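A.B. asks: Here it is, the structure, as structure tokens.
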Amino acid sequence: MTNIFGQPEKLDLKRELFAIGVKALEDAGWTVERATGSGKSSVRRIKKGGESKLVSIRTTQDRWIAFRYASTR
């Protein structure tokens, strides 16, 4: 697998995909914030109404976004 940190254009694309993932959650009505204490940069706490979830926003290097459900805490 390619080391994306050695290629600025790949890193930029990965960051852009992550931002698109955050925007998709916000467009769906979720408030997105960093999850403190998780130690993972992709983990976010999302909230809507009285519901709160931890999710990991995962991306490939160039085209896919996935939202992995982490827990209900």
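Every chain in the structure tokens has a letter given in the order shown (A, B, ...), and although residue numbers restart at 1 in each chain, ligands are simply numbered from 1 in the order shown.
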If you count only C-alpha atoms, which residues fall within 10 Å of Ile20 in chain A, apart from same-chain ones fewer than 6 positions away, as a list of chain:residue names?
C.D. replies: A:Lys14, A:Glu26, A:Ile65
A.B. asks: Take the residues that were just selected and, keeping all heavy atoms, output them as a short mmCIF file (atom, residue, chain, number, x, y, z; two decimals), in the first residue's frame.
C.D. replies:
data_model
loop_
_atom_site.label_atom_id
_atom_site.label_comp_id
_atom_site.auth_asym_id
_atom_site.auth_seq_id
_atom_site.Cartn_x
_atom_site.Cartn_y
_atom_site.Cartn_z
N LYS A 14 -7.27 12.72 0.71
CA LYS A 14 -7.82 12.02 1.88
C LYS A 14 -8.47 13.02 2.84
O LYS A 14 -9.56 12.77 3.36
CB LYS A 14 -6.71 11.24 2.58
CG LYS A 14 -7.20 10.37 3.71
CD LYS A 14 -6.10 9.47 4.19
CE LYS A 14 -6.49 8.64 5.37
NZ LYS A 14 -7.46 7.60 5.08
N GLU A 26 -23.44 16.38 8.71
CA GLU A 26 -24.09 17.65 9.07
C GLU A 26 -25.32 17.90 8.21
O GLU A 26 -26.35 18.36 8.71
CB GLU A 26 -23.10 18.80 8.95
CG GLU A 26 -22.01 18.74 9.99
CD GLU A 26 -20.90 19.75 9.79
OE1 GLU A 26 -20.73 20.27 8.66
OE2 GLU A 26 -20.18 20.00 10.77
N ILE A 65 -15.76 6.69 1.25
CA ILE A 65 -16.00 7.17 2.61
C ILE A 65 -16.89 6.15 3.30
O ILE A 65 -17.87 5.68 2.71
CB ILE A 65 -16.72 8.53 2.62
CG1 ILE A 65 -15.89 9.58 1.88
CG2 ILE A 65 -16.99 8.99 4.06
CD1 ILE A 65 -16.64 10.88 1.65
#
A.B. asks: Could you give me, as an MDAnalysis selection string, the residues within 9 Å of range 27-30 of chain A, counting only C-alpha atoms and dropping anything in the same chain fewer than 4 positions from it?
C.D. replies: chainID A and resid 22:23 46:49
A.B. asks: Taking only C-alpha atoms into account, which of A:Ala19, A:Ile57, A:Leu11, A:Gly6 comes nearest Ala35 in chain A?
C.D. replies: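 Of A:Ala19, A:Ile57, A:Leu11, A:Gly6, the one nearest Ala35 in chain A, counting only C-alpha atoms, is A:Ile57.
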A.B. asks: To one decimal place in Å, what is the distance between CA of Ser38 in chain A and CA of Thr60 in chain A?
C.D. replies: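 Rounded to one decimal, the two atoms are 20.9 Å apart.
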A.B. asks: Just asking: which residues within range 27-65 of chain A are strand (DSSP E or B) according to DSSP, as a list in words?
C.D. replies: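 Assigned to strand (DSSP E or B), within range 27-65 of chain A: Thr31, Val32, Glu33, Arg34, Val43, Arg44, Arg45, Ile46, Lys47, Lys48, Glu51, Ser52, Lys53, Leu54, Val55, Ser56, Ile57, Arg58, Thr59 and Ile65 of chain A.
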A.B. asks: One decimal, Å: what's the distance from CA of Arg34 in chain A over to CA of Glu9 in chain A, could you say?
C.D. replies: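 Computed distance, CA of Arg34 in chain A to CA of Glu9 in chain A, equals 24.8 Å.
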A.B. asks: Which residues, written as a ChimeraX atom specification, have at least one atom at most 9 Å from Gly21 in chain A, with only C-alpha atoms counted and residues fewer than 4 positions away on the same chain left out?
C.D. replies: /A:16-17,25-26,57-59,65-67
A.B. asks: List every residue of range 2-60 of chain A that DSSP, applied to the backbone, labels as helix (DSSP H, G or I), and write the result as number ranges by chain.
C.D. replies: A: 4-6, 8-27
A.B. asks: Restricting the calculation to only C-alpha atoms, which member of A:Arg45, A:Ser56, A:Gln7, A:Leu13 is positioned closest to Thr31 in chain A?
C.D. replies: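 Once distances to Thr31 in chain A are computed over only C-alpha atoms, the minimum belongs to A:Arg45.
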